[in-house]
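Asks: See run_30.cif below, with mmCIF, C-alpha atoms.
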```cif
data_my_file
#
loop_
_atom_site.label_atom_id
_atom_site.label_comp_id
_atom_site.auth_asym_id
_atom_site.auth_seq_id
_atom_site.Cartn_x
_atom_site.Cartn_y
_atom_site.Cartn_z
CA MET A 1 10.05 -3.46 -26.15
CA PHE A 2 9.30 -6.33 -23.76
CA PHE A 3 10.29 -4.02 -20.93
CA PHE A 4 7.31 -1.80 -21.69
CA LEU A 5 4.63 -4.49 -21.78
CA PRO A 6 3.47 -4.11 -18.18
CA LEU A 7 3.35 -0.36 -18.66
CA LEU A 8 1.26 -0.65 -21.77
CA ALA A 9 -1.29 -2.57 -19.76
CA ALA A 10 -1.13 0.07 -17.04
CA LEU A 11 -1.62 2.95 -19.45
CA VAL A 12 -4.41 1.57 -21.62
CA ASP A 13 -7.65 3.36 -20.80
CA GLY A 14 -5.78 5.66 -18.47
CA LYS A 15 -8.36 8.34 -19.14
CA ASP A 16 -10.97 6.20 -17.39
CA GLU A 17 -9.08 6.17 -14.13
CA ALA A 18 -11.62 8.37 -12.33
CA ASP A 19 -14.37 5.98 -13.40
CA LEU A 20 -12.34 3.00 -12.18
CA ILE A 21 -11.83 4.66 -8.79
CA ARG A 22 -15.54 5.37 -8.54
CA ARG A 23 -16.36 1.74 -9.34
CA LEU A 24 -13.83 0.47 -6.80
CA GLN A 25 -15.36 2.68 -4.16
CA ALA A 26 -18.82 1.42 -5.11
CA ARG A 27 -17.53 -2.17 -4.67
CA ASP A 28 -18.27 -3.02 -8.31
CA PRO A 29 -17.19 -6.67 -8.60
CA ASN A 30 -15.57 -6.06 -12.00
CA ALA A 31 -13.58 -3.05 -10.85
CA LEU A 32 -10.94 -5.05 -8.99
CA ALA A 33 -10.55 -7.31 -12.03
CA ASP A 34 -10.05 -4.23 -14.20
CA LEU A 35 -7.58 -2.80 -11.69
CA TYR A 36 -5.59 -6.04 -11.72
CA ASP A 37 -5.66 -6.25 -15.52
CA ARG A 38 -4.30 -2.71 -15.69
CA PHE A 39 -1.67 -2.77 -12.94
CA GLY A 40 -1.16 -6.45 -12.02
CA ARG A 41 1.86 -7.10 -14.26
CA LEU A 42 3.56 -3.84 -13.36
CA THR A 43 3.00 -4.54 -9.66
CA TYR A 44 4.29 -8.10 -9.97
CA ALA A 45 7.40 -6.94 -11.86
CA LEU A 46 8.27 -4.47 -9.11
CA ILE A 47 7.61 -6.88 -6.25
CA PHE A 48 9.51 -9.71 -7.94
CA ARG A 49 12.48 -7.39 -8.47
CA ILE A 50 12.49 -6.62 -4.75
CA VAL A 51 11.91 -10.05 -3.22
CA ARG A 52 13.41 -12.25 -6.01
CA ASN A 53 11.04 -15.09 -5.18
CA ALA A 54 8.02 -15.93 -7.34
CA ALA A 55 5.89 -17.47 -4.58
CA ALA A 56 6.53 -14.62 -2.16
CA ALA A 57 5.97 -12.08 -4.94
CA GLU A 58 2.54 -13.53 -5.72
CA ASP A 59 1.58 -13.47 -2.03
CA LEU A 60 2.64 -9.82 -1.87
CA VAL A 61 0.74 -8.89 -5.04
CA GLN A 62 -2.37 -10.39 -3.43
CA GLU A 63 -1.71 -8.44 -0.24
CA THR A 64 -1.13 -5.24 -2.21
CA PHE A 65 -4.42 -5.43 -4.10
CA LEU A 66 -6.30 -6.39 -0.94
CA ARG A 67 -4.84 -3.35 0.81
CA VAL A 68 -5.76 -1.08 -2.09
CA TRP A 69 -9.30 -2.54 -2.14
CA ASN A 70 -9.67 -1.93 1.59
CA ARG A 71 -8.31 1.63 1.48
CA VAL A 72 -9.68 2.95 -1.77
CA GLN A 73 -12.56 4.73 -0.03
CA ALA A 74 -10.11 7.41 1.08
CA PHE A 75 -8.82 7.93 -2.47
CA ASP A 76 -9.65 11.12 -4.37
CA GLN A 77 -11.94 10.17 -7.27
CA GLU A 78 -11.03 13.07 -9.50
CA LYS A 79 -7.41 13.84 -8.68
CA GLY A 80 -6.01 10.53 -7.44
CA ALA A 81 -3.22 8.72 -9.32
CA LEU A 82 -3.78 4.98 -8.94
CA GLY A 83 -0.55 3.74 -10.54
CA PRO A 84 1.89 5.59 -8.26
CA TRP A 85 -0.22 4.66 -5.22
CA ILE A 86 -0.31 0.95 -6.05
CA LEU A 87 3.44 0.92 -6.69
CA ALA A 88 4.06 2.63 -3.34
CA VAL A 89 1.90 0.08 -1.52
CA ALA A 90 3.65 -2.75 -3.38
CA ARG A 91 7.11 -1.42 -2.54
CA ASN A 92 6.28 -0.96 1.13
CA ARG A 93 4.81 -4.44 1.49
CA SER A 94 7.85 -5.93 -0.25
CA ILE A 95 10.36 -4.07 1.90
CA ASP A 96 8.42 -5.08 5.02
CA TYR A 97 8.71 -8.67 3.82
CA LEU A 98 12.46 -8.35 3.13
CA ARG A 99 13.02 -6.91 6.60
CA SER A 100 11.08 -9.69 8.30
CA VAL A 101 12.96 -12.35 6.31
CA ASP A 102 16.34 -10.74 6.99
CA GLY A 103 15.52 -10.17 10.65
CA ARG A 104 16.08 -6.45 10.13
CA MET A 105 14.34 -4.01 12.40
CA ALA A 106 11.50 -2.06 10.86
CA GLN A 107 12.99 1.37 10.25
CA ASN A 108 11.27 4.43 8.94
CA VAL A 109 7.89 2.73 9.15
CA PHE A 110 6.38 6.12 9.85
CA GLU A 111 7.62 7.69 6.61
CA LEU A 112 6.66 4.66 4.53
CA GLU A 113 3.17 4.55 6.04
CA ARG A 114 2.78 8.27 5.60
CA MET A 115 3.92 8.17 1.99
CA GLU A 116 1.46 5.35 1.30
CA GLN A 117 -1.63 7.32 2.40
CA PRO A 118 -4.08 7.74 -0.51
CA SER A 119 -4.20 11.48 0.17
CA GLN A 120 -0.54 11.77 -0.87
CA PHE A 121 -1.32 10.65 -4.42
CA THR A 122 -3.45 13.54 -5.59
CA ASP A 123 -2.81 16.32 -8.09
CA PHE A 124 -0.18 14.34 -9.98
CA GLU A 125 0.34 15.49 -13.55
CA ASN A 126 -1.69 13.63 -16.17
CA GLU A 127 0.03 10.47 -17.36
CA ILE A 128 2.92 10.88 -14.96
CA MET A 129 4.09 7.40 -15.93
CA ASN A 130 3.81 7.82 -19.69
CA LEU A 131 6.00 5.73 -21.97
CA ASP A 132 8.26 8.60 -23.02
CA ARG A 133 9.12 9.47 -19.44
CA VAL A 134 9.72 5.83 -18.55
CA ARG A 135 12.00 5.37 -21.56
CA ILE A 136 13.98 8.49 -20.66
CA LEU A 137 14.30 7.32 -17.06
CA LYS A 138 15.41 3.84 -18.13
CA GLU A 139 18.09 5.25 -20.45
CA ALA A 140 19.28 7.72 -17.84
CA PHE A 141 19.46 4.98 -15.21
CA GLU A 142 21.61 2.82 -17.46
CA LYS A 143 24.03 5.72 -17.96
CA LEU A 144 24.66 6.12 -14.23
CA THR A 145 27.96 4.84 -12.88
CA PRO A 146 27.83 1.32 -11.39
CA ASN A 147 28.08 2.68 -7.84
CA GLN A 148 25.32 5.22 -8.45
CA ARG A 149 23.07 2.46 -9.79
CA ILE A 150 23.86 0.22 -6.83
CA VAL A 151 23.00 2.83 -4.20
CA LEU A 152 19.71 3.69 -5.88
CA GLU A 153 18.83 0.00 -6.09
CA LEU A 154 19.71 -0.51 -2.43
CA ALA A 155 17.56 2.47 -1.50
CA TYR A 156 14.56 1.74 -3.68
CA TYR A 157 14.52 -2.05 -3.86
CA GLU A 158 15.84 -2.89 -0.39
CA GLY A 159 14.89 0.19 1.61
CA LEU A 160 18.40 0.55 3.03
CA SER A 161 19.31 3.82 4.72
CA GLN A 162 22.49 5.58 3.64
CA THR A 163 24.22 4.31 6.79
CA GLU A 164 23.17 0.74 5.99
CA MET A 165 24.36 1.17 2.40
CA ALA A 166 27.74 2.39 3.59
CA ALA A 167 28.08 -0.67 5.81
CA ARG A 168 26.92 -3.03 3.06
CA MET A 169 29.29 -1.53 0.48
CA LYS A 170 32.13 -0.98 2.97
CA GLN A 171 32.42 2.63 1.83
CA PRO A 172 32.56 5.90 3.80
CA LEU A 173 29.12 7.36 4.53
CA GLY A 174 30.04 10.62 2.81
CA THR A 175 30.95 8.79 -0.39
CA VAL A 176 27.64 6.94 -0.39
CA LYS A 177 25.73 10.16 0.18
CA THR A 178 27.49 11.74 -2.80
CA TRP A 179 26.62 8.79 -5.04
CA VAL A 180 22.97 8.89 -3.96
CA ARG A 181 22.56 12.61 -4.47
CA THR A 182 24.37 12.65 -7.80
CA ALA A 183 22.31 9.73 -9.08
CA LEU A 184 19.01 11.33 -8.08
CA LYS A 185 20.06 14.67 -9.53
CA THR A 186 21.03 13.05 -12.85
CA LEU A 187 17.72 11.22 -13.19
CA ARG A 188 15.78 14.31 -12.19
CA GLU A 189 17.56 16.43 -14.77
CA GLN A 190 17.09 13.88 -17.53
CA LEU A 191 13.38 13.83 -16.80
CA GLY A 192 13.35 17.59 -16.99
CA GLU A 193 12.21 17.80 -13.39
CA ALA A 194 13.02 20.86 -11.38
CA ALA A 195 14.61 20.19 -8.04
CA ALA A 196 12.09 19.08 -5.45
CA THR A 197 11.04 22.48 -4.33
CA ALA A 198 7.73 24.23 -4.29
CA MET B 1 20.04 23.58 7.57
CA THR B 2 18.69 25.90 4.86
CA HIS B 3 15.86 25.10 2.48
CA ASP B 4 18.38 24.59 -0.30
CA GLU B 5 20.12 21.97 1.80
CA LEU B 6 16.86 20.32 2.89
CA ARG B 7 15.80 20.07 -0.74
CA ASP B 8 18.32 17.29 -1.35
CA LEU B 9 16.74 15.22 1.40
CA TYR B 10 13.10 15.13 0.26
CA GLU B 11 13.53 12.20 -2.10
CA LEU B 12 15.44 10.16 0.47
CA TYR B 13 12.74 10.89 3.04
CA VAL B 14 9.86 9.77 0.85
CA LEU B 15 11.80 6.61 0.04
CA GLY B 16 12.07 5.99 3.78
CA VAL B 17 15.87 5.76 3.65
CA LEU B 18 16.91 8.99 5.36
CA ASP B 19 18.51 8.49 8.77
CA GLY B 20 20.64 10.15 11.41
CA GLU B 21 20.84 13.87 12.00
CA GLU B 22 19.55 14.71 8.54
CA LYS B 23 16.31 12.84 9.22
CA THR B 24 15.92 14.46 12.63
CA GLU B 25 16.49 17.91 11.20
CA LEU B 26 14.07 17.44 8.31
CA GLU B 27 11.38 16.05 10.61
CA GLN B 28 11.76 18.95 13.00
CA HIS B 29 11.36 21.30 10.07
CA LEU B 30 8.33 19.39 8.71
CA ALA B 31 6.70 19.64 12.13
CA THR B 32 6.49 23.41 11.58
CA ASN B 33 4.08 22.70 8.68
CA CYS B 34 6.38 24.51 6.26
CA PRO B 35 4.40 24.79 2.97
CA GLN B 36 7.59 24.90 0.90
CA CYS B 37 8.74 21.57 2.32
CA ALA B 38 5.27 20.02 1.97
CA ALA B 39 5.27 20.94 -1.71
CA GLY B 40 8.82 19.64 -2.04
CA LEU B 41 7.86 16.30 -0.52
CA ARG B 42 4.95 15.91 -2.90
CA LYS B 43 7.19 16.66 -5.85
CA ALA B 44 9.73 14.16 -4.57
CA LEU B 45 6.98 11.55 -4.25
CA ARG B 46 5.93 12.14 -7.86
CA PHE B 47 9.54 11.77 -9.02
CA THR B 48 10.34 8.66 -6.98
CA SER B 49 7.08 7.00 -8.09
CA MET B 50 8.72 6.71 -11.50
CA LEU B 51 11.42 4.42 -10.09
CA GLY B 52 8.82 1.69 -9.68
CA THR B 53 8.57 1.42 -13.46
CA LEU B 54 12.25 0.45 -13.92
CA PRO B 55 12.16 -3.33 -13.27
CA GLU B 56 12.19 -5.64 -16.26
CA ALA B 57 8.91 -7.33 -17.17
CA VAL B 58 8.27 -10.66 -15.46
CA GLU B 59 5.11 -12.64 -16.03
CA PRO B 60 3.09 -13.70 -12.98
CA SER B 61 1.24 -17.00 -13.09
CA ARG B 62 -2.27 -17.04 -14.54
CA GLU B 63 -3.45 -18.30 -11.18
CA LEU B 64 -2.51 -15.01 -9.52
CA ARG B 65 -5.40 -13.08 -11.01
CA ARG B 66 -7.87 -15.63 -9.60
CA ARG B 67 -6.17 -15.44 -6.20
CA VAL B 68 -6.34 -11.65 -6.11
CA LEU B 69 -10.04 -11.62 -6.94
CA ALA B 70 -10.82 -14.52 -4.59
CA SER B 71 -9.11 -12.67 -1.74
CA VAL B 72 -12.02 -10.23 -1.71
CA GLY B 73 -14.60 -12.89 -2.48
CA LEU B 74 -14.95 -12.26 -6.21
CA GLU B 75 -15.12 -14.87 -8.94
CA PRO B 76 -12.65 -14.11 -11.72
CA LYS B 77 -13.50 -13.78 -15.36
CA SER B 78 -11.64 -16.57 -17.17
CA GLY B 79 -8.43 -15.70 -18.97
CA ARG B 80 -9.45 -18.22 -21.67
CA TRP B 81 -12.08 -15.96 -23.11
CA TRP B 82 -13.45 -18.47 -25.59
CA LEU B 83 -14.08 -21.02 -22.87
CA GLY B 84 -15.68 -18.29 -20.84
CA ALA B 85 -17.75 -17.22 -23.80
CA LEU B 86 -19.00 -20.76 -24.40
CA ALA B 87 -19.76 -21.24 -20.74
CA GLY B 88 -21.40 -17.84 -20.65
CA LEU B 89 -23.51 -18.61 -23.72
CA SER B 90 -24.60 -21.90 -22.24
CA ALA B 91 -25.41 -20.27 -18.93
CA CYS B 92 -27.27 -17.44 -20.65
CA LEU B 93 -29.43 -19.91 -22.56
CA SER B 94 -30.27 -21.77 -19.39
CA ILE B 95 -30.88 -18.66 -17.41
CA GLY B 96 -32.82 -17.14 -20.28
CA VAL B 97 -35.41 -19.92 -20.10
CA VAL B 98 -35.86 -19.26 -16.44
CA VAL B 99 -35.78 -15.50 -16.68
CA LEU B 100 -38.43 -15.47 -19.40
CA THR B 101 -40.78 -17.08 -16.91
CA LEU B 102 -40.21 -14.33 -14.39
CA ASP B 103 -42.64 -11.52 -14.66
CA ASP B 104 -40.76 -8.34 -13.81
CA THR B 105 -37.53 -6.67 -12.85
CA ARG B 106 -38.25 -7.15 -9.16
CA ARG B 107 -36.86 -10.64 -9.26
CA LYS B 108 -33.74 -9.39 -11.02
CA ASP B 109 -33.25 -6.87 -8.27
CA GLU B 110 -33.67 -9.61 -5.68
CA LEU B 111 -31.17 -11.76 -7.55
CA ALA B 112 -28.67 -8.90 -7.64
CA THR B 113 -29.15 -8.32 -3.93
CA VAL B 114 -28.55 -11.97 -3.14
CA GLN B 115 -25.45 -12.00 -5.37
CA THR B 116 -24.11 -8.93 -3.57
CA GLN B 117 -24.77 -10.57 -0.21
CA LEU B 118 -23.02 -13.74 -1.36
CA ARG B 119 -19.98 -11.76 -2.51
CA GLN B 120 -19.88 -9.91 0.79
CA THR B 121 -20.18 -13.18 2.70
CA ALA B 122 -17.36 -14.70 0.70
CA SER B 123 -15.25 -11.59 1.29
CA ASP B 124 -15.96 -11.73 5.03
CA ARG B 125 -15.09 -15.42 5.14
CA SER B 126 -11.82 -14.82 3.29
CA HIS B 127 -10.91 -12.05 5.72
CA MET B 128 -11.86 -14.20 8.71
CA GLU B 129 -9.71 -17.07 7.45
CA GLU B 130 -6.76 -14.70 7.09
CA VAL B 131 -7.26 -13.48 10.67
CA LEU B 132 -7.59 -17.04 12.00
CA ARG B 133 -4.35 -18.06 10.32
CA PHE B 134 -2.67 -15.11 12.01
CA LEU B 135 -4.14 -15.94 15.44
CA ASN B 136 -2.96 -19.53 15.11
CA GLU B 137 0.65 -18.65 14.42
CA PRO B 138 2.72 -20.02 17.31
CA GLU B 139 4.45 -16.71 18.08
CA THR B 140 1.20 -14.77 18.42
CA LYS B 141 0.65 -13.21 21.85
CA GLN B 142 -2.62 -11.73 23.02
CA VAL B 143 -3.46 -8.77 25.21
CA VAL B 144 -6.89 -8.18 26.75
CA PHE B 145 -8.10 -4.60 27.03
CA GLY B 146 -11.15 -2.87 28.49
CA GLU B 147 -11.91 -5.53 31.10
CA GLY B 148 -13.91 -4.31 34.09
CA GLN B 149 -14.75 -0.93 32.57
CA VAL B 150 -18.30 0.34 32.65
CA GLN B 151 -18.32 1.65 29.12
CA PRO B 152 -15.53 -0.14 27.36
CA PRO B 153 -14.49 -0.66 24.20
CA ARG B 154 -13.16 -4.04 25.11
CA GLY B 155 -11.59 -6.91 23.33
CA ARG B 156 -8.27 -8.50 22.51
CA ILE B 157 -5.18 -7.55 20.57
CA PHE B 158 -3.06 -10.26 19.00
CA VAL B 159 0.48 -9.45 17.99
CA ASN B 160 3.50 -11.22 16.56
CA PRO B 161 6.56 -10.06 14.59
CA ARG B 162 4.54 -10.15 11.37
CA GLY B 163 1.49 -8.12 12.35
CA VAL B 164 -1.25 -7.04 14.73
CA ALA B 165 -4.89 -8.10 14.90
CA LEU B 166 -7.66 -6.37 16.82
CA ILE B 167 -10.99 -7.86 17.84
CA ALA B 168 -13.13 -5.31 19.65
CA ALA B 169 -16.68 -4.78 20.88
CA ASN B 170 -18.48 -1.66 22.11
CA LEU B 171 -16.56 0.43 19.61
CA PRO B 172 -19.21 2.78 18.20
CA PRO B 173 -18.95 3.81 14.52
CA ALA B 174 -16.31 6.52 14.15
CA GLY B 175 -18.77 8.91 12.50
CA ALA B 176 -19.08 10.64 9.14
CA GLY B 177 -15.72 11.53 7.64
CA LYS B 178 -13.89 9.78 10.46
CA THR B 179 -12.05 6.51 10.85
CA TYR B 180 -10.36 4.50 13.53
CA GLU B 181 -6.58 4.37 13.25
CA MET B 182 -4.31 1.88 14.97
CA TRP B 183 -0.89 2.91 16.33
CA LEU B 184 2.20 1.05 17.44
CA VAL B 185 3.53 2.95 20.41
CA PRO B 186 7.31 2.48 20.67
CA LYS B 187 9.19 2.58 23.95
CA THR B 188 10.87 5.72 22.67
CA GLY B 189 9.68 8.08 19.99
CA ALA B 190 6.39 8.95 18.37
CA PRO B 191 3.55 6.47 17.72
CA LEU B 192 3.73 4.72 14.35
CA PRO B 193 0.55 4.51 12.24
CA ALA B 194 -0.62 0.93 11.75
CA GLY B 195 -3.62 1.29 9.47
CA LEU B 196 -7.20 2.45 9.29
CA PHE B 197 -10.35 0.48 10.07
CA GLN B 198 -14.04 0.91 10.83
CA SER B 199 -16.37 -0.76 13.30
CA ASP B 200 -19.78 -2.03 12.20
CA ALA B 201 -23.18 -0.71 13.22
CA GLN B 202 -23.17 -3.01 16.26
CA GLY B 203 -19.85 -1.61 17.45
CA ASN B 204 -17.79 -4.67 16.51
CA ALA B 205 -14.44 -4.43 14.79
CA LEU B 206 -12.11 -7.04 13.33
CA TYR B 207 -8.91 -5.64 11.90
CA LEU B 208 -5.67 -7.28 10.79
CA ARG B 209 -2.60 -5.24 9.96
CA THR B 210 0.21 -7.25 8.43
CA GLY B 211 3.78 -5.98 8.36
CA ALA B 212 6.88 -6.19 10.53
CA VAL B 213 6.40 -5.35 14.22
CA ASP B 214 9.36 -4.73 16.50
CA LEU B 215 7.93 -6.46 19.56
CA SER B 216 10.87 -5.67 21.83
CA GLY B 217 10.69 -1.97 20.96
CA THR B 218 6.90 -1.59 21.20
CA LYS B 219 5.27 -0.84 24.52
CA ALA B 220 1.61 -0.54 23.53
CA ILE B 221 -0.99 -0.70 20.79
CA ALA B 222 -3.35 2.27 20.69
CA VAL B 223 -6.44 3.23 18.72
CA SER B 224 -7.61 6.74 17.91
CA VAL B 225 -10.34 8.43 15.88
CA GLU B 226 -8.98 10.41 12.94
CA PRO B 227 -10.16 12.09 9.72
CA ALA B 228 -11.05 9.61 6.95
CA ALA B 229 -7.61 9.77 5.30
CA GLY B 230 -5.85 9.02 8.61
CA SER B 231 -3.27 11.11 10.44
CA GLN B 232 0.47 11.13 10.89
CA THR B 233 0.14 11.48 14.66
CA PRO B 234 -2.82 10.51 16.83
CA THR B 235 -5.14 13.41 17.66
CA THR B 236 -7.30 11.47 20.12
CA VAL B 237 -6.87 8.23 22.01
CA VAL B 238 -9.83 5.88 22.29
CA PHE B 239 -7.86 3.22 24.15
CA ALA B 240 -4.36 1.83 24.50
CA ALA B 241 -3.29 -1.67 25.47
CA GLY B 242 0.15 -2.25 26.96
CA LEU B 243 2.31 -5.13 25.77
CA SER B 244 3.89 -7.02 28.63
CA GLU B 245 7.56 -7.92 28.40
#
```
Could you render the structure from this file as structure tokens?
Replies:
Amino acid sequence: MFFFLPLLAALVDGKDEADLIRRLQARDPNALADLYDRFGRLTYALIFRIVRNAAAAEDLVQETFLRVWNRVQAFDQEKGALGPWILAVARNRSIDYLRSVDGRMAQNVFELERMEQPSQFTDFENEIMNLDRVRILKEAFEKLTPNQRIVLELAYYEGLSQTEMAARMKQPLGTVKTWVRTALKTLREQLGEAAATA
Amino acid sequence: MTHDELRDLYELYVLGVLDGEEKTELEQHLATNCPQCAAGLRKALRFTSMLGTLPEAVEPSRELRRRVLASVGLEPKSGRWWLGALAGLSACLSIGVVVLTLDDTRRKDELATVQTQLRQTASDRSHMEEVLRFLNEPETKQVVFGEGQVQPPRGRIFVNPRGVALIAANLPPAGAGKTYEMWLVPKTGAPLPAGLFQSDAQGNALYLRTGAVDLSGTKAIAVSVEPAAGSQTPTTVVFAAGLSE
């Protein structure tokens, strides 16, 4: 149950999300506090998982919320999904940090920036991150083979390309691609998601 | 590659981990504004957003909430609610005595205005301090742009491997529904978006974009005017400043 605590905070008062966006855009002083109370623990958990360093994670949480505060004017009040947007900003900041620490070149900055634009996070289904879906995803993830879990973790938590994963794992690129695709397909099916088509 | 084959790549693309020929092929296809692929990417984004909920819970320090709020110049509400309540009650009693002597809501409005101005000032100061820290980093290089032009924008760009800062003057407001967008222009390939910003009514702009910058692979920093949500490629160029080797 402990696993779900950050999510519970994120999902409480979820129906008031449009109001929270409006207040953020109006620069209501309490709105950022409410945003942090709702998503702060979830954001910290994700960033800490990526950077594995408490001090760096707290710096990145601060940077994430500052970025959201500065960009929220472009967010759709009625159709925007704050949770997925904040997690995307948090992941991108964390991977940027990992790359700078590791001395890795910034790759795919364009895609990450593009997929972080507020306009991308509109028209999501209501309660996309509801507890049932998260539980199903968690269980499905734990049923993946070890190699399938590793490649998804390398992709999501470290931002490694498939070529970089193959080098890291000393495996043929084709094998890595198969693991990645099978893992994503399994999770998608368990969530009852159709393939990513129109 | 057919749509069925491209479908497997959407999730990797939105995660920013697609590379090689597959990435090239998908991007070429996306450049045709294919509605099927656009819808597929959005669906992939919705699906991959869920992955951010997988990490185990870890508690941040109590101090973090204060830091987050202070970073935009806000005073946090105390986590120890009873201490806050006592302090609040005490403050209310004190303020109440004063407020009762005030004759109308005008003074409350003035007080609210002053509080808003104070918050804004604190926010500006926090932002300025962040920029100054960046400028003072030993690796930071600066580039002057707009010198000698009749109608500049002019100013300076500061860059190091951890970010880019822009200080500009004579940059008129972008206009309703528009924004300025910064771009990192690589030596090869398309410009990379580096964030959105606005100038003030006097045409001044101070913008800091943090994040890894490949200095050796970047030939210029450019600024364009774009729709409020930003663009994936620049549609106009207001100015560009070259980075010397």
Asks: List the residues matched by the PyMOL selection byres ((chain B) within 6 of (chain A)) in the displayed structure as a PyMOL selection string, ordered by chain and then by residue number.
Replies: chain B and resi 16-18+36+39-40+43-44+49+55-58+68+192+211-212+229
Asks: Nearest residue to Pro172 of chain B out of B:Gly230, B:Gly203, B:Gly146, B:Gly189, using all atoms listed in the file?
Replies: B:Gly203
Asks: Spell out the residues picked by the PyMOL selection byres ((chain B and resi 165) around 6) here, as a ChimeraX atom specification.
Replies: /B:157-158,164,166,207-208
Asks: Please, what distance in Å, to one decimal, runs between atom CA of Gly177 of chain B and atom CA of Arg42 of chain B?
Replies: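 For atom CA of Gly177 of chain B relative to atom CA of Arg42 of chain B, the distance reads 23.6 Å.
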Asks: Find the residues near Thr145 of chain A: any atom within 12 Å, counting all atoms listed in the file, skip ones fewer than 2 places away on the same chain, and give them as a list of chain:residue names.
Replies: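 The neighbour list is A:Ala140, A:Phe141, A:Glu142, A:Lys143, A:Asn147, A:Gln148, A:Arg149, A:Ile150, A:Val151, A:Leu152, A:Trp179, A:Val180, A:Thr182, A:Ala183, A:Thr186.
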Asks: Using all atoms listed in the file, which of A:Ile21, A:Ala166, A:Leu35, A:Gln171 sits nearest Gly80 of chain A?
Replies: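 The closest residue to Gly80 of chain A is A:Ile21.
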